[in-house]
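work_9.pdb (PDB, C-alpha atoms) appears below.
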MODEL        1
ATOM      1  CA  MET S   1     121.457  96.183 121.172
ATOM      2  CA  GLY S   2     119.276  93.084 121.230
ATOM      3  CA  LEU S   3     116.242  91.794 119.362
ATOM      4  CA  THR S   4     114.259  94.280 117.311
ATOM      5  CA  ILE S   5     111.191  94.088 115.118
ATOM      6  CA  GLY S   6     111.143  95.201 111.506
ATOM      7  CA  VAL S   7     107.856  96.138 109.830
ATOM      8  CA  ASP S   8     107.291  95.985 106.075
ATOM      9  CA  ILE S   9     104.130  97.741 104.843
ATOM     10  CA  GLY S  10     102.991  96.073 101.632
ATOM     11  CA  GLY S  11     100.045  96.722  99.373
ATOM     12  CA  THR S  12      98.159  93.626 100.562
ATOM     13  CA  LYS S  13      99.819  92.701 103.865
ATOM     14  CA  ILE S  14     101.851  94.175 106.700
ATOM     15  CA  ALA S  15     104.632  91.901 107.932
ATOM     16  CA  ALA S  16     106.456  92.236 111.240
ATOM     17  CA  GLY S  17     109.503  90.124 112.050
ATOM     18  CA  VAL S  18     111.777  89.661 115.038
ATOM     19  CA  VAL S  19     115.384  90.064 113.868
ATOM     20  CA  ASP S  20     118.598  89.376 115.765
ATOM     21  CA  GLU S  21     121.879  91.273 115.498
ATOM     22  CA  GLU S  22     123.128  88.972 112.716
ATOM     23  CA  GLY S  23     120.109  89.706 110.518
ATOM     24  CA  ASN S  24     118.319  86.416 111.164
ATOM     25  CA  ILE S  25     114.524  86.504 111.231
ATOM     26  CA  LEU S  26     113.364  84.562 114.283
ATOM     27  CA  SER S  27     109.607  84.913 113.883
ATOM     28  CA  THR S  28     107.094  86.760 111.720
ATOM     29  CA  TYR S  29     103.488  87.863 111.991
ATOM     30  CA  LYS S  30     101.373  89.162 109.107
ATOM     31  CA  VAL S  31      98.085  91.021 108.923
ATOM     32  CA  PRO S  32      96.085  92.315 105.932
ATOM     33  CA  THR S  33      96.761  95.898 104.872
ATOM     34  CA  PRO S  34      93.680  98.024 105.674
ATOM     35  CA  GLY S  35      92.315 100.589 103.288
ATOM     36  CA  THR S  36      92.620 103.618 105.577
ATOM     37  CA  ALA S  37      95.623 105.480 106.953
ATOM     38  CA  GLU S  38      94.484 105.139 110.565
ATOM     39  CA  GLY S  39      93.661 101.495 110.025
ATOM     40  CA  ILE S  40      97.232 100.912 108.883
ATOM     41  CA  VAL S  41      98.556 102.317 112.164
ATOM     42  CA  ASP S  42      96.337  99.883 114.054
ATOM     43  CA  ALA S  43      97.473  97.023 111.801
ATOM     44  CA  ILE S  44     101.151  97.854 112.393
ATOM     45  CA  ALA S  45     100.557  97.702 116.126
ATOM     46  CA  SER S  46      98.733  94.379 115.764
ATOM     47  CA  ALA S  47     101.549  92.883 113.685
ATOM     48  CA  VAL S  48     104.185  94.058 116.164
ATOM     49  CA  GLU S  49     102.275  92.565 119.098
ATOM     50  CA  GLY S  50     101.883  89.289 117.240
ATOM     51  CA  ALA S  51     105.562  89.054 116.342
ATOM     52  CA  ARG S  52     106.922  90.025 119.772
ATOM     53  CA  ALA S  53     105.158  87.204 121.642
ATOM     54  CA  GLY S  54     107.790  85.263 123.583
ATOM     55  CA  HIS S  55     110.627  87.669 122.730
ATOM     56  CA  ASP S  56     112.321  90.464 124.662
ATOM     57  CA  ILE S  57     112.214  93.340 122.157
ATOM     58  CA  VAL S  58     114.186  96.593 122.471
ATOM     59  CA  GLY S  59     112.804  98.544 119.519
ATOM     60  CA  VAL S  60     110.800  98.651 116.283
ATOM     61  CA  GLY S  61     111.798  99.845 112.810
ATOM     62  CA  ILE S  62     109.101 100.614 110.236
ATOM     63  CA  GLY S  63     109.780 100.767 106.495
ATOM     64  CA  ALA S  64     107.318 103.177 104.865
ATOM     65  CA  ALA S  65     106.984 104.004 101.172
ATOM     66  CA  GLY S  66     107.209 107.765 101.202
ATOM     67  CA  TYR S  67     109.206 110.774 102.293
ATOM     68  CA  VAL S  68     110.354 110.351 105.904
ATOM     69  CA  ASN S  69     111.873 113.193 107.904
ATOM     70  CA  ARG S  70     115.476 113.189 109.064
ATOM     71  CA  GLN S  71     114.418 112.534 112.648
ATOM     72  CA  ARG S  72     112.926 109.205 111.516
ATOM     73  CA  SER S  73     109.595 110.051 113.118
ATOM     74  CA  GLU S  74     107.218 111.567 110.567
ATOM     75  CA  VAL S  75     106.083 110.665 107.054
ATOM     76  CA  TYR S  76     105.953 113.900 105.095
ATOM     77  CA  PHE S  77     104.134 112.305 102.182
ATOM     78  CA  ALA S  78     103.198 108.787 101.104
ATOM     79  CA  PRO S  79     102.007 108.232  97.533
ATOM     80  CA  ASN S  80      99.856 105.149  98.207
ATOM     81  CA  ILE S  81      98.606 105.939 101.733
ATOM     82  CA  HIS S  82      96.919 109.206 102.696
ATOM     83  CA  TRP S  83      99.716 110.195 105.052
ATOM     84  CA  ARG S  84     100.579 113.896 105.041
ATOM     85  CA  ASN S  85     102.937 114.979 107.858
ATOM     86  CA  GLU S  86     101.920 111.788 109.644
ATOM     87  CA  PRO S  87     103.483 111.410 113.150
ATOM     88  CA  LEU S  88     103.862 107.660 112.683
ATOM     89  CA  LYS S  89     106.532 107.148 115.339
ATOM     90  CA  GLN S  90     104.426 108.818 118.029
ATOM     91  CA  LYS S  91     101.266 106.910 117.126
ATOM     92  CA  VAL S  92     102.861 103.462 116.989
ATOM     93  CA  GLU S  93     104.897 104.023 120.175
ATOM     94  CA  ALA S  94     101.682 104.893 122.010
ATOM     95  CA  ARG S  95     100.186 101.567 120.954
ATOM     96  CA  VAL S  96     103.111  99.176 121.461
ATOM     97  CA  GLY S  97     105.088 100.780 124.295
ATOM     98  CA  LEU S  98     108.434 100.362 122.512
ATOM     99  CA  PRO S  99     110.884 102.832 120.905
ATOM    100  CA  VAL S 100     110.034 103.205 117.203
ATOM    101  CA  VAL S 101     111.972 104.571 114.249
ATOM    102  CA  VAL S 102     110.457 105.173 110.817
ATOM    103  CA  GLU S 103     112.528 104.770 107.667
ATOM    104  CA  ASN S 104     111.877 105.008 103.954
ATOM    105  CA  ASP S 105     111.301 101.461 102.724
ATOM    106  CA  ALA S 106     113.929 101.624  99.971
ATOM    107  CA  ASN S 107     116.483 102.958 102.480
ATOM    108  CA  ALA S 108     115.616 100.084 104.788
ATOM    109  CA  ALA S 109     116.079  97.521 102.008
ATOM    110  CA  ALA S 110     119.385  99.127 101.008
ATOM    111  CA  TRP S 111     120.637  98.958 104.595
ATOM    112  CA  GLY S 112     119.594  95.321 104.878
ATOM    113  CA  GLU S 113     121.531  94.412 101.744
ATOM    114  CA  TYR S 114     124.563  96.446 102.801
ATOM    115  CA  LYS S 115     124.702  94.974 106.290
ATOM    116  CA  PHE S 116     123.660  91.365 105.729
ATOM    117  CA  GLY S 117     123.401  90.710 101.989
ATOM    118  CA  ALA S 118     125.200  91.564  98.776
ATOM    119  CA  GLY S 119     126.895  94.639 100.254
ATOM    120  CA  LYS S 120     128.846  92.859 102.980
ATOM    121  CA  GLY S 121     132.492  93.921 102.810
ATOM    122  CA  HIS S 122     131.749  97.231 101.048
ATOM    123  CA  ARG S 123     131.943 100.693 102.627
ATOM    124  CA  ASN S 124     130.387 102.630  99.750
ATOM    125  CA  VAL S 125     127.432 101.159  97.863
ATOM    126  CA  ILE S 126     124.445 102.464  95.975
ATOM    127  CA  CYS S 127     121.333 100.298  95.941
ATOM    128  CA  ILE S 128     118.533 100.538  93.416
ATOM    129  CA  THR S 129     115.286  98.611  93.517
ATOM    130  CA  LEU S 130     113.782  97.771  90.145
ATOM    131  CA  GLY S 131     110.199  96.860  90.856
ATOM    132  CA  THR S 132     106.910  98.394  89.840
ATOM    133  CA  GLY S 133     108.753 101.680  90.273
ATOM    134  CA  LEU S 134     112.397 102.533  90.992
ATOM    135  CA  GLY S 135     113.816 103.335  94.435
ATOM    136  CA  GLY S 136     117.187 103.285  96.103
ATOM    137  CA  GLY S 137     119.504 103.965  98.980
ATOM    138  CA  ILE S 138     122.925 105.522  99.562
ATOM    139  CA  ILE S 139     125.541 104.054 101.901
ATOM    140  CA  ILE S 140     128.748 106.081 102.010
ATOM    141  CA  GLY S 141     131.439 105.495 104.609
ATOM    142  CA  ASN S 142     129.347 102.731 106.223
ATOM    143  CA  LYS S 143     126.500 105.159 106.916
ATOM    144  CA  LEU S 144     123.049 105.458 105.401
ATOM    145  CA  ARG S 145     122.867 108.917 103.867
ATOM    146  CA  ARG S 146     119.401 110.454 104.111
ATOM    147  CA  GLY S 147     120.189 114.061 103.201
ATOM    148  CA  HIS S 148     119.467 117.197 105.195
ATOM    149  CA  PHE S 149     115.683 116.768 105.194
ATOM    150  CA  GLY S 150     115.717 112.964 105.168
ATOM    151  CA  VAL S 151     114.429 112.431 101.637
ATOM    152  CA  ALA S 152     117.584 111.646  99.651
ATOM    153  CA  ALA S 153     117.937 108.754  97.177
ATOM    154  CA  GLU S 154     114.584 109.187  95.436
ATOM    155  CA  PHE S 155     116.395 107.990  92.331
ATOM    156  CA  GLY S 156     113.244 107.043  90.486
ATOM    157  CA  HIS S 157     112.334 110.698  90.150
ATOM    158  CA  ILE S 158     115.553 111.944  88.629
ATOM    159  CA  ARG S 159     114.487 113.509  85.346
ATOM    160  CA  MET S 160     116.147 111.464  82.630
ATOM    161  CA  VAL S 161     114.180 112.889  79.697
ATOM    162  CA  PRO S 162     113.183 116.587  79.663
ATOM    163  CA  ASP S 163     109.456 116.830  78.881
ATOM    164  CA  GLY S 164     109.334 113.028  78.742
ATOM    165  CA  LEU S 165     106.652 110.623  79.879
ATOM    166  CA  MET S 166     104.322 111.742  82.646
ATOM    167  CA  CYS S 167     105.095 110.213  86.038
ATOM    168  CA  GLY S 168     102.747 109.517  88.928
ATOM    169  CA  CYS S 169     104.723 112.043  90.984
ATOM    170  CA  GLY S 170     103.452 114.822  88.706
ATOM    171  CA  SER S 171     106.727 115.416  86.879
ATOM    172  CA  GLN S 172     107.809 114.285  83.416
ATOM    173  CA  GLY S 173     110.649 112.093  82.199
ATOM    174  CA  CYS S 174     111.438 110.436  85.549
ATOM    175  CA  TRP S 175     113.915 107.554  85.523
ATOM    176  CA  GLU S 176     111.330 105.038  86.739
ATOM    177  CA  GLN S 177     109.239 105.686  83.648
ATOM    178  CA  TYR S 178     112.062 104.125  81.621
ATOM    179  CA  ALA S 179     113.612 101.578  84.012
ATOM    180  CA  SER S 180     110.981  99.703  86.032
ATOM    181  CA  GLY S 181     108.527  96.848  85.805
ATOM    182  CA  ARG S 182     105.888  99.186  84.397
ATOM    183  CA  ALA S 183     108.331 100.380  81.738
ATOM    184  CA  LEU S 184     109.212  96.798  80.760
ATOM    185  CA  VAL S 185     105.563  95.910  80.183
ATOM    186  CA  ARG S 186     105.060  99.095  78.166
ATOM    187  CA  TYR S 187     108.056  98.303  75.949
ATOM    188  CA  ALA S 188     106.797  94.783  75.316
ATOM    189  CA  LYS S 189     103.261  95.880  74.470
ATOM    190  CA  GLN S 190     104.508  98.555  72.075
ATOM    191  CA  ARG S 191     106.855  96.179  70.284
ATOM    192  CA  ALA S 192     104.353  93.329  70.117
ATOM    193  CA  ASN S 193     101.801  95.692  68.630
ATOM    194  CA  ALA S 194     104.270  96.958  66.015
ATOM    195  CA  THR S 195     105.760  93.549  65.043
ATOM    196  CA  PRO S 196     103.506  90.726  66.258
ATOM    197  CA  GLU S 197     105.417  88.273  64.077
ATOM    198  CA  ASN S 198     108.417  88.776  66.405
ATOM    199  CA  ALA S 199     106.353  88.156  69.528
ATOM    200  CA  GLU S 200     104.732  84.801  68.861
ATOM    201  CA  ILE S 201     105.998  83.189  72.066
ATOM    202  CA  LEU S 202     105.197  86.251  74.144
ATOM    203  CA  LEU S 203     101.676  86.654  72.779
ATOM    204  CA  GLY S 204     101.018  82.958  73.189
ATOM    205  CA  LEU S 205     101.665  83.186  76.925
ATOM    206  CA  GLY S 206      98.873  85.727  77.376
ATOM    207  CA  ASP S 207      95.517  86.119  75.681
ATOM    208  CA  GLY S 208      97.047  86.565  72.245
ATOM    209  CA  SER S 209      96.861  90.360  72.247
ATOM    210  CA  PRO S 210      99.482  92.956  73.215
ATOM    211  CA  ASP S 211      97.154  94.272  75.921
ATOM    212  CA  GLY S 212      97.239  90.858  77.602
ATOM    213  CA  ILE S 213     101.012  90.913  78.153
ATOM    214  CA  GLU S 214     102.135  90.792  81.790
ATOM    215  CA  GLY S 215     105.571  91.001  83.370
ATOM    216  CA  LYS S 216     105.752  87.261  84.016
ATOM    217  CA  HIS S 217     105.077  86.576  80.335
ATOM    218  CA  ILE S 218     108.006  88.755  79.270
ATOM    219  CA  SER S 219     110.401  86.874  81.533
ATOM    220  CA  MET S 220     109.225  83.465  80.327
ATOM    221  CA  ALA S 221     109.304  84.499  76.677
ATOM    222  CA  ALA S 222     112.765  86.075  76.940
ATOM    223  CA  ARG S 223     114.171  82.841  78.335
ATOM    224  CA  GLN S 224     112.793  81.095  75.258
ATOM    225  CA  GLY S 225     114.418  83.630  72.939
ATOM    226  CA  ASP S 226     111.353  85.622  71.932
ATOM    227  CA  PRO S 227     112.789  88.629  70.008
ATOM    228  CA  VAL S 228     110.329  91.199  71.400
ATOM    229  CA  ALA S 229     110.768  90.037  74.986
ATOM    230  CA  VAL S 230     114.565  90.049  74.713
ATOM    231  CA  ASP S 231     114.569  93.484  73.089
ATOM    232  CA  SER S 232     112.268  94.835  75.827
ATOM    233  CA  TYR S 233     114.747  93.755  78.501
ATOM    234  CA  ARG S 234     117.557  95.363  76.529
ATOM    235  CA  GLU S 235     115.651  98.648  76.376
ATOM    236  CA  LEU S 236     115.023  98.613  80.111
ATOM    237  CA  ALA S 237     118.678  97.746  80.739
ATOM    238  CA  ARG S 238     119.835 100.586  78.480
ATOM    239  CA  TRP S 239     118.034 103.112  80.671
ATOM    240  CA  ALA S 240     118.961 101.419  83.938
ATOM    241  CA  GLY S 241     122.655 101.301  83.021
ATOM    242  CA  ALA S 242     122.688 104.915  81.848
ATOM    243  CA  GLY S 243     121.232 105.959  85.188
ATOM    244  CA  LEU S 244     123.862 103.983  87.098
ATOM    245  CA  ALA S 245     126.560 105.749  85.100
ATOM    246  CA  ASP S 246     125.151 109.098  86.247
ATOM    247  CA  LEU S 247     125.056 107.883  89.849
ATOM    248  CA  ALA S 248     128.684 106.766  89.540
ATOM    249  CA  SER S 249     129.610 110.331  88.617
ATOM    250  CA  LEU S 250     127.858 111.545  91.760
ATOM    251  CA  PHE S 251     128.848 108.936  94.362
ATOM    252  CA  ASP S 252     131.701 106.778  92.966
ATOM    253  CA  PRO S 253     130.637 103.607  94.854
ATOM    254  CA  SER S 254     132.536 100.328  94.849
ATOM    255  CA  ALA S 255     129.332  98.467  93.967
ATOM    256  CA  PHE S 256     125.795  98.930  92.750
ATOM    257  CA  ILE S 257     123.334  96.483  94.269
ATOM    258  CA  VAL S 258     120.289  95.824  92.107
ATOM    259  CA  GLY S 259     117.228  94.619  94.000
ATOM    260  CA  GLY S 260     113.489  94.591  93.488
ATOM    261  CA  GLY S 261     111.401  92.099  91.566
ATOM    262  CA  LEU S 262     113.270  92.501  88.285
ATOM    263  CA  SER S 263     116.546  91.458  89.933
ATOM    264  CA  ASP S 264     115.024  88.003  90.414
ATOM    265  CA  GLU S 265     115.642  87.476  86.705
ATOM    266  CA  GLY S 266     119.391  87.324  87.382
ATOM    267  CA  GLU S 267     121.717  87.673  84.426
ATOM    268  CA  LEU S 268     118.807  88.124  82.033
ATOM    269  CA  VAL S 269     118.592  91.683  83.328
ATOM    270  CA  LEU S 270     121.955  92.202  85.067
ATOM    271  CA  ASP S 271     124.230  91.412  82.120
ATOM    272  CA  PRO S 272     122.699  94.020  79.777
ATOM    273  CA  ILE S 273     122.583  96.554  82.637
ATOM    274  CA  ARG S 274     126.343  96.091  83.163
ATOM    275  CA  LYS S 275     127.002  96.574  79.455
ATOM    276  CA  SER S 276     124.911  99.742  79.327
ATOM    277  CA  TYR S 277     126.529 101.071  82.502
ATOM    278  CA  LYS S 278     130.022 100.627  81.045
ATOM    279  CA  ARG S 279     128.873 102.125  77.751
ATOM    280  CA  TRP S 280     127.689 105.356  79.395
ATOM    281  CA  LEU S 281     130.254 105.642  82.204
ATOM    282  CA  VAL S 282     132.363 108.760  81.624
ATOM    283  CA  GLY S 283     136.006 107.753  81.212
ATOM    284  CA  GLY S 284     134.971 104.127  81.492
ATOM    285  CA  ASN S 285     138.037 102.832  79.657
ATOM    286  CA  TRP S 286     140.405 104.639  82.019
ATOM    287  CA  ARG S 287     138.899 104.337  85.480
ATOM    288  CA  PRO S 288     137.932 101.586  87.941
ATOM    289  CA  VAL S 289     134.427 100.293  87.283
ATOM    290  CA  ALA S 290     132.059  99.494  90.153
ATOM    291  CA  ASP S 291     130.564  96.029  90.360
ATOM    292  CA  VAL S 292     126.906  95.646  89.444
ATOM    293  CA  ILE S 293     125.583  92.802  91.573
ATOM    294  CA  ALA S 294     122.251  91.230  92.440
ATOM    295  CA  ALA S 295     120.634  91.739  95.823
ATOM    296  CA  GLN S 296     120.577  88.636  98.013
ATOM    297  CA  LEU S 297     117.849  89.106 100.608
ATOM    298  CA  GLY S 298     114.845  89.310  98.287
ATOM    299  CA  ASN S 299     111.584  90.428  99.873
ATOM    300  CA  GLU S 300     113.115  90.205 103.353
ATOM    301  CA  ALA S 301     115.590  93.049 102.786
ATOM    302  CA  GLY S 302     113.251  95.826 103.903
ATOM    303  CA  LEU S 303     112.090  94.049 107.042
ATOM    304  CA  VAL S 304     115.629  93.074 108.079
ATOM    305  CA  GLY S 305     116.990  96.523 107.295
ATOM    306  CA  ALA S 306     114.233  98.338 109.195
ATOM    307  CA  ALA S 307     114.808  96.123 112.238
ATOM    308  CA  ASP S 308     118.542  96.775 112.198
ATOM    309  CA  LEU S 309     118.091 100.521 111.749
ATOM    310  CA  ALA S 310     116.088 100.512 114.982
ATOM    311  CA  ARG S 311     119.454  99.806 116.666
ATOM    312  CA  GLU S 312     121.240 102.648 114.895
ATOM    313  CA  PRO S 313     121.845 105.913 116.801
ATOM    314  CA  ASP S 314     119.697 108.917 115.987
ATOM    315  CA  PRO S 315     121.249 110.337 112.765
ATOM    316  CA  ILE S 316     120.703 113.885 114.080
ATOM    317  CA  MET S 317     123.088 113.313 116.977
TER
ENDMDL
END

Take the structure I supplied and represent it as structure tokens, if you would.
Amino acid sequence: MGLTIGVDIGGTKIAAGVVDEEGNILSTYKVPTPGTAEGIVDAIASAVEGARAGHDIVGVGIGAAGYVNRQRSEVYFAPNIHWRNEPLKQKVEARVGLPVVVENDANAAAWGEYKFGAGKGHRNVICITLGTGLGGGIIIGNKLRRGHFGVAAEFGHIRMVPDGLMCGCGSQGCWEQYASGRALVRYAKQRANATPENAEILLGLGDGSPDGIEGKHISMAARQGDPVAVDSYRELARWAGAGLADLASLFDPSAFIVGGGLSDEGELVLDPIRKSYKRWLVGGNWRPVADVIAAQLGNEAGLVGAADLAREPDPIM
């Protein structure tokens, strides 16, 4: 036990933060994200050294976007970094001289929310992150469930639509193609192109064309009642809620925690997700219904969760 450092690897910056046992961030240090895989290892080490100054640190947790092995040491595959069977734990430990654990970034965020955020008081929660893509984490019986090989909870790549839209993972019809920030923008552009008369507010916030629509425009327009923007959120929520209903059949949690950038919109997105979830939940009129609640830690969830997981015993033991 003691102070640990959590590392969040972002597209533009790498943030390291000293976190205490109550989930409080005591200090942070940020460095730009390099363009090479080896450069990222060096940047992680630099961020850790910057954050640890003046603190007695017992370990480091790294949240990495990709498939991480069950031993929390190696990244099998990372979609946005050229890591293939990357021994990240070994490399970072050699540079910083501290024990290191590596965790999938969505798992780390889920653990942070469960331990210190919206999941406090729950034993069984499922977290989903609705951002550019769709990720998640599974906490059952107060434990983070990684699966036999360590790569469980890749919810975004559940196939929702056979032979559906192509996904960046190489498959078709993945959930994140229908419930994510990218999907929301696609819905809005399609609808604005088909019925521009129903998207006057939305189009006015951009360059006047459907191609100029961005996520922030959809949020602003929806709050002003723009029909296309509102309908785009409803379409996203329909798919998100249907997916939660499927997850309820698998895991039967007491709560679903919705994080990621889209959760910042609050009830604009959560209320229709709840309605869709109840609509598609099997036996929904005759069974207890899990809460669908907003994440509380925002962008800090992954850093806090990774730091706390550095204190957790080896899941193999």

- [ ] Measuring atom to atom with all atoms listed in the file, identify which of S:Gln172, S:Asn104, S:Ser232, S:Ser180 is nearest to Gly63 (chain S).
- [x]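 Counting all atoms listed in the file, the residue closest to Gly63 (chain S) is S:Asn104.
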
Need the shell around region 199-204 of chain S: protein/DNA/RNA residues with any atom at most 10 Å away, counting only C-alpha atoms. Skip same-chain ones fewer than 5 positions apart. Format as a compact mmCIF listing (two decimals) with C-alpha atoms, in the frame of the given file?
# COMPACT_ATOMS: atom_id res chain seq x y z
CA ALA S 188 106.80 94.78 75.32
CA LYS S 189 103.26 95.88 74.47
CA ARG S 191 106.86 96.18 70.28
CA ALA S 192 104.35 93.33 70.12
CA ASN S 193 101.80 95.69 68.63
CA ALA S 194 104.27 96.96 66.02
CA SER S 209 96.86 90.36 72.25
CA PRO S 210 99.48 92.96 73.22
CA ASP S 211 97.15 94.27 75.92
CA GLY S 212 97.24 90.86 77.60
CA ILE S 213 101.01 90.91 78.15
CA GLU S 214 102.14 90.79 81.79
CA LYS S 216 105.75 87.26 84.02
CA HIS S 217 105.08 86.58 80.33
CA ILE S 218 108.01 88.76 79.27
CA SER S 219 110.40 86.87 81.53
CA MET S 220 109.22 83.46 80.33
CA ALA S 221 109.30 84.50 76.68
CA ALA S 222 112.76 86.08 76.94
CA GLN S 224 112.79 81.10 75.26
CA GLY S 225 114.42 83.63 72.94
CA ASP S 226 111.35 85.62 71.93
CA PRO S 227 112.79 88.63 70.01
CA VAL S 228 110.33 91.20 71.40
CA ALA S 229 110.77 90.04 74.99
CA VAL S 230 114.56 90.05 74.71

Task: Tyr178 (chain S) surroundings by only C-alpha atoms, 8 Å radius, close-in-sequence under 3 positions cut, as a PyMOL selection string - done: chain S and resi 174-175+183-184+236+239-240

Find the residues with any atom within 10 Å of (121.1, 91.9, 82.8); use only C-alpha atoms and the coordinates as given in the file, and write the answer as a PDB file with C-alpha atoms, in the coordinates of the input.
ATOM      1  CA  TYR S 233     114.747  93.755  78.501  1.00  0.00           C
ATOM      2  CA  ARG S 234     117.557  95.363  76.529  1.00  0.00           C
ATOM      3  CA  LEU S 236     115.023  98.613  80.111  1.00  0.00           C
ATOM      4  CA  ALA S 237     118.678  97.746  80.739  1.00  0.00           C
ATOM      5  CA  ARG S 238     119.835 100.586  78.480  1.00  0.00           C
ATOM      6  CA  ALA S 240     118.961 101.419  83.938  1.00  0.00           C
ATOM      7  CA  GLY S 241     122.655 101.301  83.021  1.00  0.00           C
ATOM      8  CA  LEU S 262     113.270  92.501  88.285  1.00  0.00           C
ATOM      9  CA  SER S 263     116.546  91.458  89.933  1.00  0.00           C
ATOM     10  CA  GLU S 265     115.642  87.476  86.705  1.00  0.00           C
ATOM     11  CA  GLY S 266     119.391  87.324  87.382  1.00  0.00           C
ATOM     12  CA  GLU S 267     121.717  87.673  84.426  1.00  0.00           C
ATOM     13  CA  LEU S 268     118.807  88.124  82.033  1.00  0.00           C
ATOM     14  CA  VAL S 269     118.592  91.683  83.328  1.00  0.00           C
ATOM     15  CA  LEU S 270     121.955  92.202  85.067  1.00  0.00           C
ATOM     16  CA  ASP S 271     124.230  91.412  82.120  1.00  0.00           C
ATOM     17  CA  PRO S 272     122.699  94.020  79.777  1.00  0.00           C
ATOM     18  CA  ILE S 273     122.583  96.554  82.637  1.00  0.00           C
ATOM     19  CA  ARG S 274     126.343  96.091  83.163  1.00  0.00           C
ATOM     20  CA  LYS S 275     127.002  96.574  79.455  1.00  0.00           C
ATOM     21  CA  SER S 276     124.911  99.742  79.327  1.00  0.00           C
ATOM     22  CA  VAL S 292     126.906  95.646  89.444  1.00  0.00           C
ATOM     23  CA  ILE S 293     125.583  92.802  91.573  1.00  0.00           C
ATOM     24  CA  ALA S 294     122.251  91.230  92.440  1.00  0.00           C
TER      25      ALA S 294
END

TODO: For the structure provided, state which residues fall under the PyMOL selection byres ((chain S and resi 155) around 10), and present them as a PyMOL selection string.
DONE: chain S and resi 127-129+134-137+152-154+156-159+174-176+243-244+247

Export C-alpha atoms of the chosen residues as a PDB file, in the frame of the given file?
ATOM      1  CA  CYS S 127     121.333 100.298  95.941  1.00  0.00           C
ATOM      2  CA  ILE S 128     118.533 100.538  93.416  1.00  0.00           C
ATOM      3  CA  THR S 129     115.286  98.611  93.517  1.00  0.00           C
ATOM      4  CA  LEU S 134     112.397 102.533  90.992  1.00  0.00           C
ATOM      5  CA  GLY S 135     113.816 103.335  94.435  1.00  0.00           C
ATOM      6  CA  GLY S 136     117.187 103.285  96.103  1.00  0.00           C
ATOM      7  CA  GLY S 137     119.504 103.965  98.980  1.00  0.00           C
ATOM      8  CA  ALA S 152     117.584 111.646  99.651  1.00  0.00           C
ATOM      9  CA  ALA S 153     117.937 108.754  97.177  1.00  0.00           C
ATOM     10  CA  GLU S 154     114.584 109.187  95.436  1.00  0.00           C
ATOM     11  CA  GLY S 156     113.244 107.043  90.486  1.00  0.00           C
ATOM     12  CA  HIS S 157     112.334 110.698  90.150  1.00  0.00           C
ATOM     13  CA  ILE S 158     115.553 111.944  88.629  1.00  0.00           C
ATOM     14  CA  ARG S 159     114.487 113.509  85.346  1.00  0.00           C
ATOM     15  CA  CYS S 174     111.438 110.436  85.549  1.00  0.00           C
ATOM     16  CA  TRP S 175     113.915 107.554  85.523  1.00  0.00           C
ATOM     17  CA  GLU S 176     111.330 105.038  86.739  1.00  0.00           C
ATOM     18  CA  GLY S 243     121.232 105.959  85.188  1.00  0.00           C
ATOM     19  CA  LEU S 244     123.862 103.983  87.098  1.00  0.00           C
ATOM     20  CA  LEU S 247     125.056 107.883  89.849  1.00  0.00           C
TER      21      LEU S 247
END

Task: Answer as a VMD selection string, residues within 8 Å of (130.9, 109.2, 83.1) using all atoms listed in the file - done: chain S and resid 245 to 246 248 to 249 280 to 284

Open item on the list: Expand the PyMOL selection byres ((chain S and resi 147) around 12) into the explicit residue set it covers here, and present it as a list in words.
Closed with: Tyr67, Val68, Asn69, Arg70, Gln71, Asn107, Gly137, Ile138, Ile139, Ile140, Lys143, Leu144, Arg145, Arg146, His148, Phe149, Gly150, Val151, Ala152, Ala153, Glu154, Pro315 and Ile316 of chain S

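Taking CA of Gly61 (chain S) and CA of Glu113 (chain S) as endpoints, the distance between them is 15.7 Å.
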
TODO: Translate the PyMOL selection byres ((chain S and resi 30) around 7), as applied to the file shown, into an explicit residue set as a count of residues only.
DONE: 9
